[in-house]
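Asks: My questions all concern the structure below.
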Amino acid sequence: MPFLELDTNLPAARVPAGLEKRLCAAAAAILAKPEDRVNATVRPGLAMAVGGSAEPCAQLTVSSIGVVGTAEQNRDHSARFFEFLTKELSLGQDRILIRFFPLEPWQIGKKGTVMTFL
């Protein structure tokens, strides 16, 4: 069950409509997870700086069970997420950061329990 949070200082008017849905589809393909399990939040218009500069930028956080736990996995994921984000947001790679967080099933609550028991 991947969770994606995309923060950007781009104004909402510069963020393509439907980006959250395309981000879900891209994440499903990149992480090899069913799209109906992917959750995405897009937050435009934030006060942000990357590398000390407030020029247009974005930070993507990717949290998931079992697929973001190694450098090798994340190197591959990173390349594909960067390709998606540079195209969608019209930002250079130097203006985007990605953070990967591995999750355990007991850290995700759903249907009144945790994923361990579902």
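Labeling convention for the structure tokens: chains A, B, ... as they appear, residues from 1 per chain, ligands from 1 in order of appearance.
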Based on the backbone DSSP call, show me all residues of chain A assigned strand (DSSP E or B), as a PyMOL selection string.

Replies: chain A and resi 3-8+39-43+50+53+58-65+96-103+109-110+113-114

Asks: Give me the residues within 12 Å of Thr86 in chain A as number ranges by chain, counting only C-alpha atoms and dropping any in the same chain fewer than 4 places off.

Replies: A: 15, 56-60, 78-82, 90-97

Asks: Output the selection as a PDB file, in the first residue's frame - N, CA, C and O atoms for each residue.

Replies:
ATOM      1  N   VAL A  15       0.189  23.468 -11.585  1.00  0.00           N
ATOM      2  CA  VAL A  15       0.195  22.018 -11.388  1.00  0.00           C
ATOM      3  C   VAL A  15      -0.866  21.426 -12.308  1.00  0.00           C
ATOM      4  O   VAL A  15      -2.035  21.817 -12.245  1.00  0.00           O
ATOM      5  N   PRO A  56      11.191  27.483  -8.251  1.00  0.00           N
ATOM      6  CA  PRO A  56      10.243  26.361  -8.328  1.00  0.00           C
ATOM      7  C   PRO A  56      10.925  25.020  -8.038  1.00  0.00           C
ATOM      8  O   PRO A  56      11.998  24.715  -8.574  1.00  0.00           O
ATOM      9  N   CYS A  57      10.279  24.245  -7.155  1.00  0.00           N
ATOM     10  CA  CYS A  57      10.857  22.985  -6.715  1.00  0.00           C
ATOM     11  C   CYS A  57       9.756  22.036  -6.253  1.00  0.00           C
ATOM     12  O   CYS A  57       8.603  22.433  -6.120  1.00  0.00           O
ATOM     13  N   ALA A  58      10.144  20.797  -5.989  1.00  0.00           N
ATOM     14  CA  ALA A  58       9.203  19.794  -5.497  1.00  0.00           C
ATOM     15  C   ALA A  58       9.955  18.761  -4.674  1.00  0.00           C
ATOM     16  O   ALA A  58      11.138  18.497  -4.910  1.00  0.00           O
ATOM     17  N   GLN A  59       9.237  18.195  -3.715  1.00  0.00           N
ATOM     18  CA  GLN A  59       9.756  17.088  -2.922  1.00  0.00           C
ATOM     19  C   GLN A  59       8.707  15.987  -2.916  1.00  0.00           C
ATOM     20  O   GLN A  59       7.545  16.248  -2.602  1.00  0.00           O
ATOM     21  N   LEU A  60       9.117  14.785  -3.279  1.00  0.00           N
ATOM     22  CA  LEU A  60       8.229  13.630  -3.287  1.00  0.00           C
ATOM     23  C   LEU A  60       8.652  12.694  -2.165  1.00  0.00           C
ATOM     24  O   LEU A  60       9.830  12.347  -2.052  1.00  0.00           O
ATOM     25  N   SER A  78      13.854   5.875  -8.292  1.00  0.00           N
ATOM     26  CA  SER A  78      14.194   7.290  -8.400  1.00  0.00           C
ATOM     27  C   SER A  78      14.261   7.730  -9.858  1.00  0.00           C
ATOM     28  O   SER A  78      13.692   8.753 -10.235  1.00  0.00           O
ATOM     29  N   ALA A  79      14.948   6.948 -10.676  1.00  0.00           N
ATOM     30  CA  ALA A  79      15.075   7.298 -12.091  1.00  0.00           C
ATOM     31  C   ALA A  79      13.705   7.437 -12.742  1.00  0.00           C
ATOM     32  O   ALA A  79      13.447   8.389 -13.493  1.00  0.00           O
ATOM     33  N   ARG A  80      12.806   6.520 -12.434  1.00  0.00           N
ATOM     34  CA  ARG A  80      11.483   6.539 -13.060  1.00  0.00           C
ATOM     35  C   ARG A  80      10.591   7.649 -12.498  1.00  0.00           C
ATOM     36  O   ARG A  80       9.853   8.291 -13.243  1.00  0.00           O
ATOM     37  N   PHE A  81      10.668   7.893 -11.199  1.00  0.00           N
ATOM     38  CA  PHE A  81       9.895   9.005 -10.626  1.00  0.00           C
ATOM     39  C   PHE A  81      10.413  10.345 -11.138  1.00  0.00           C
ATOM     40  O   PHE A  81       9.625  11.250 -11.421  1.00  0.00           O
ATOM     41  N   PHE A  82      11.750  10.486 -11.269  1.00  0.00           N
ATOM     42  CA  PHE A  82      12.294  11.728 -11.821  1.00  0.00           C
ATOM     43  C   PHE A  82      11.809  11.957 -13.242  1.00  0.00           C
ATOM     44  O   PHE A  82      11.457  13.079 -13.616  1.00  0.00           O
ATOM     45  N   SER A  90       7.497  20.241 -15.299  1.00  0.00           N
ATOM     46  CA  SER A  90       8.420  21.100 -16.064  1.00  0.00           C
ATOM     47  C   SER A  90       9.519  21.679 -15.162  1.00  0.00           C
ATOM     48  O   SER A  90       9.849  22.863 -15.239  1.00  0.00           O
ATOM     49  N   LEU A  91      10.058  20.806 -14.316  1.00  0.00           N
ATOM     50  CA  LEU A  91      11.169  21.195 -13.443  1.00  0.00           C
ATOM     51  C   LEU A  91      12.399  20.388 -13.826  1.00  0.00           C
ATOM     52  O   LEU A  91      12.283  19.253 -14.282  1.00  0.00           O
ATOM     53  N   GLY A  92      13.572  20.967 -13.604  1.00  0.00           N
ATOM     54  CA  GLY A  92      14.811  20.236 -13.809  1.00  0.00           C
ATOM     55  C   GLY A  92      15.039  19.265 -12.657  1.00  0.00           C
ATOM     56  O   GLY A  92      14.502  19.453 -11.559  1.00  0.00           O
ATOM     57  N   GLN A  93      15.842  18.243 -12.891  1.00  0.00           N
ATOM     58  CA  GLN A  93      16.106  17.250 -11.851  1.00  0.00           C
ATOM     59  C   GLN A  93      16.744  17.864 -10.610  1.00  0.00           C
ATOM     60  O   GLN A  93      16.565  17.362  -9.503  1.00  0.00           O
ATOM     61  N   ASP A  94      17.479  18.962 -10.790  1.00  0.00           N
ATOM     62  CA  ASP A  94      18.132  19.602  -9.646  1.00  0.00           C
ATOM     63  C   ASP A  94      17.150  20.343  -8.742  1.00  0.00           C
ATOM     64  O   ASP A  94      17.510  20.799  -7.670  1.00  0.00           O
ATOM     65  N   ARG A  95      15.878  20.440  -9.149  1.00  0.00           N
ATOM     66  CA  ARG A  95      14.861  21.133  -8.360  1.00  0.00           C
ATOM     67  C   ARG A  95      13.864  20.156  -7.725  1.00  0.00           C
ATOM     68  O   ARG A  95      12.837  20.555  -7.196  1.00  0.00           O
ATOM     69  N   ILE A  96      14.185  18.876  -7.787  1.00  0.00           N
ATOM     70  CA  ILE A  96      13.307  17.844  -7.239  1.00  0.00           C
ATOM     71  C   ILE A  96      14.113  16.955  -6.296  1.00  0.00           C
ATOM     72  O   ILE A  96      15.232  16.575  -6.603  1.00  0.00           O
ATOM     73  N   LEU A  97      13.508  16.629  -5.160  1.00  0.00           N
ATOM     74  CA  LEU A  97      14.088  15.671  -4.220  1.00  0.00           C
ATOM     75  C   LEU A  97      13.069  14.571  -3.966  1.00  0.00           C
ATOM     76  O   LEU A  97      11.862  14.829  -3.946  1.00  0.00           O
TER      77      LEU A  97
END

Asks: Compare A:Met1, A:Val67, A:Asp36, A:Leu46 by their minimum atom-to-atom distance to Val114 in chain A, counting only C-alpha atoms, and give me the closest one.

Replies: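 Nearest to Val114 in chain A: A:Met1.
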
Asks: Name the residues of chain A that fall into helix (DSSP H, G or I) according to DSSP on the backbone, using the chain letters and numbers of this document, as a PyMOL selection string.

Replies: chain A and resi 12-14+19-31+35-37+71-89+93-95+105-107+115-117

Asks: Kindly export the residues of the current selection with C-alpha atoms, as a PDB file, in the first residue's frame.

Replies:
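Written out: selection_37.pdb:
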ATOM      1  CA  ALA A  12      -1.928  25.395  -8.035  1.00  0.00           C
ATOM      2  CA  ALA A  13      -2.525  26.936 -11.468  1.00  0.00           C
ATOM      3  CA  ARG A  14       0.852  25.547 -12.643  1.00  0.00           C
ATOM      4  CA  LEU A  19      -1.777  15.034 -11.453  1.00  0.00           C
ATOM      5  CA  GLU A  20      -2.722  13.022  -8.365  1.00  0.00           C
ATOM      6  CA  LYS A  21      -4.383  10.357 -10.534  1.00  0.00           C
ATOM      7  CA  ARG A  22      -1.455  10.153 -12.943  1.00  0.00           C
ATOM      8  CA  LEU A  23       0.928   9.991  -9.976  1.00  0.00           C
ATOM      9  CA  CYS A  24      -1.044   7.005  -8.633  1.00  0.00           C
ATOM     10  CA  ALA A  25      -0.852   5.253 -12.006  1.00  0.00           C
ATOM     11  CA  ALA A  26       2.871   5.983 -12.371  1.00  0.00           C
ATOM     12  CA  ALA A  27       3.621   4.811  -8.826  1.00  0.00           C
ATOM     13  CA  ALA A  28       1.685   1.589  -9.390  1.00  0.00           C
ATOM     14  CA  ALA A  29       3.792   0.852 -12.474  1.00  0.00           C
ATOM     15  CA  ILE A  30       7.090   1.930 -10.879  1.00  0.00           C
ATOM     16  CA  LEU A  31       6.564   0.060  -7.608  1.00  0.00           C
ATOM     17  CA  GLU A  35      -3.185   0.976  -8.574  1.00  0.00           C
ATOM     18  CA  ASP A  36      -6.201   0.608  -6.287  1.00  0.00           C
ATOM     19  CA  ARG A  37      -3.786   0.388  -3.336  1.00  0.00           C
ATOM     20  CA  ALA A  71      19.525   1.376  -2.375  1.00  0.00           C
ATOM     21  CA  GLU A  72      19.218  -0.740  -5.515  1.00  0.00           C
ATOM     22  CA  GLN A  73      15.412  -0.629  -5.472  1.00  0.00           C
ATOM     23  CA  ASN A  74      15.344   3.105  -4.810  1.00  0.00           C
ATOM     24  CA  ARG A  75      17.921   3.892  -7.506  1.00  0.00           C
ATOM     25  CA  ASP A  76      15.596   2.333 -10.076  1.00  0.00           C
ATOM     26  CA  HIS A  77      12.475   3.913  -8.578  1.00  0.00           C
ATOM     27  CA  SER A  78      14.194   7.290  -8.400  1.00  0.00           C
ATOM     28  CA  ALA A  79      15.075   7.298 -12.091  1.00  0.00           C
ATOM     29  CA  ARG A  80      11.483   6.539 -13.060  1.00  0.00           C
ATOM     30  CA  PHE A  81       9.895   9.005 -10.626  1.00  0.00           C
ATOM     31  CA  PHE A  82      12.294  11.728 -11.821  1.00  0.00           C
ATOM     32  CA  GLU A  83      11.282  11.050 -15.419  1.00  0.00           C
ATOM     33  CA  PHE A  84       7.613  11.376 -14.471  1.00  0.00           C
ATOM     34  CA  LEU A  85       8.010  14.493 -12.319  1.00  0.00           C
ATOM     35  CA  THR A  86      10.283  16.454 -14.660  1.00  0.00           C
ATOM     36  CA  LYS A  87       7.767  15.919 -17.452  1.00  0.00           C
ATOM     37  CA  GLU A  88       4.651  16.677 -15.393  1.00  0.00           C
ATOM     38  CA  LEU A  89       5.985  19.683 -13.479  1.00  0.00           C
ATOM     39  CA  GLN A  93      16.106  17.250 -11.851  1.00  0.00           C
ATOM     40  CA  ASP A  94      18.132  19.602  -9.646  1.00  0.00           C
ATOM     41  CA  ARG A  95      14.861  21.133  -8.360  1.00  0.00           C
ATOM     42  CA  PRO A 105       2.432  -3.845   7.710  1.00  0.00           C
ATOM     43  CA  TRP A 106       1.775  -3.006  11.386  1.00  0.00           C
ATOM     44  CA  GLN A 107       2.387   0.694  10.626  1.00  0.00           C
ATOM     45  CA  MET A 115      -2.362  -4.445   7.392  1.00  0.00           C
ATOM     46  CA  THR A 116      -0.633  -7.276   9.270  1.00  0.00           C
ATOM     47  CA  PHE A 117      -4.044  -8.819   9.897  1.00  0.00           C
TER      48      PHE A 117
END

Asks: Could you state the separation of CA of Gly112 in chain A and CA of Ala40 in chain A in Å, given to one decimal place?

Replies: 21.0 Å

Asks: For CA of Gly45 in chain A and CA of Asp7 in chain A, quote the distance in Å rounded to one decimal.

Replies: 8.4 Å

Asks: Find, counting only C-alpha atoms, the residue in A:Thr70, A:Ser53, A:Thr61, A:Asn9 that gets nearest to Thr41 in chain A.

Replies: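 Among A:Thr70, A:Ser53, A:Thr61, A:Asn9, it is A:Thr61 that comes nearest to Thr41 in chain A.
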
Asks: Please compute the CA of Pro16 in chain A-CA of Phe101 in chain A distance, one decimal, in Å.

Replies: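 Separation between CA of Pro16 in chain A and CA of Phe101 in chain A: 25.9 Å.
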
Asks: Calculated over only C-alpha atoms, which of the candidates A:Val38, A:Gly18, A:Gly51, A:Phe3 has the smallest distance to Leu103 in chain A?

Replies: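 Looking only at the distances to Leu103 in chain A, the closest residue turns out to be A:Phe3.
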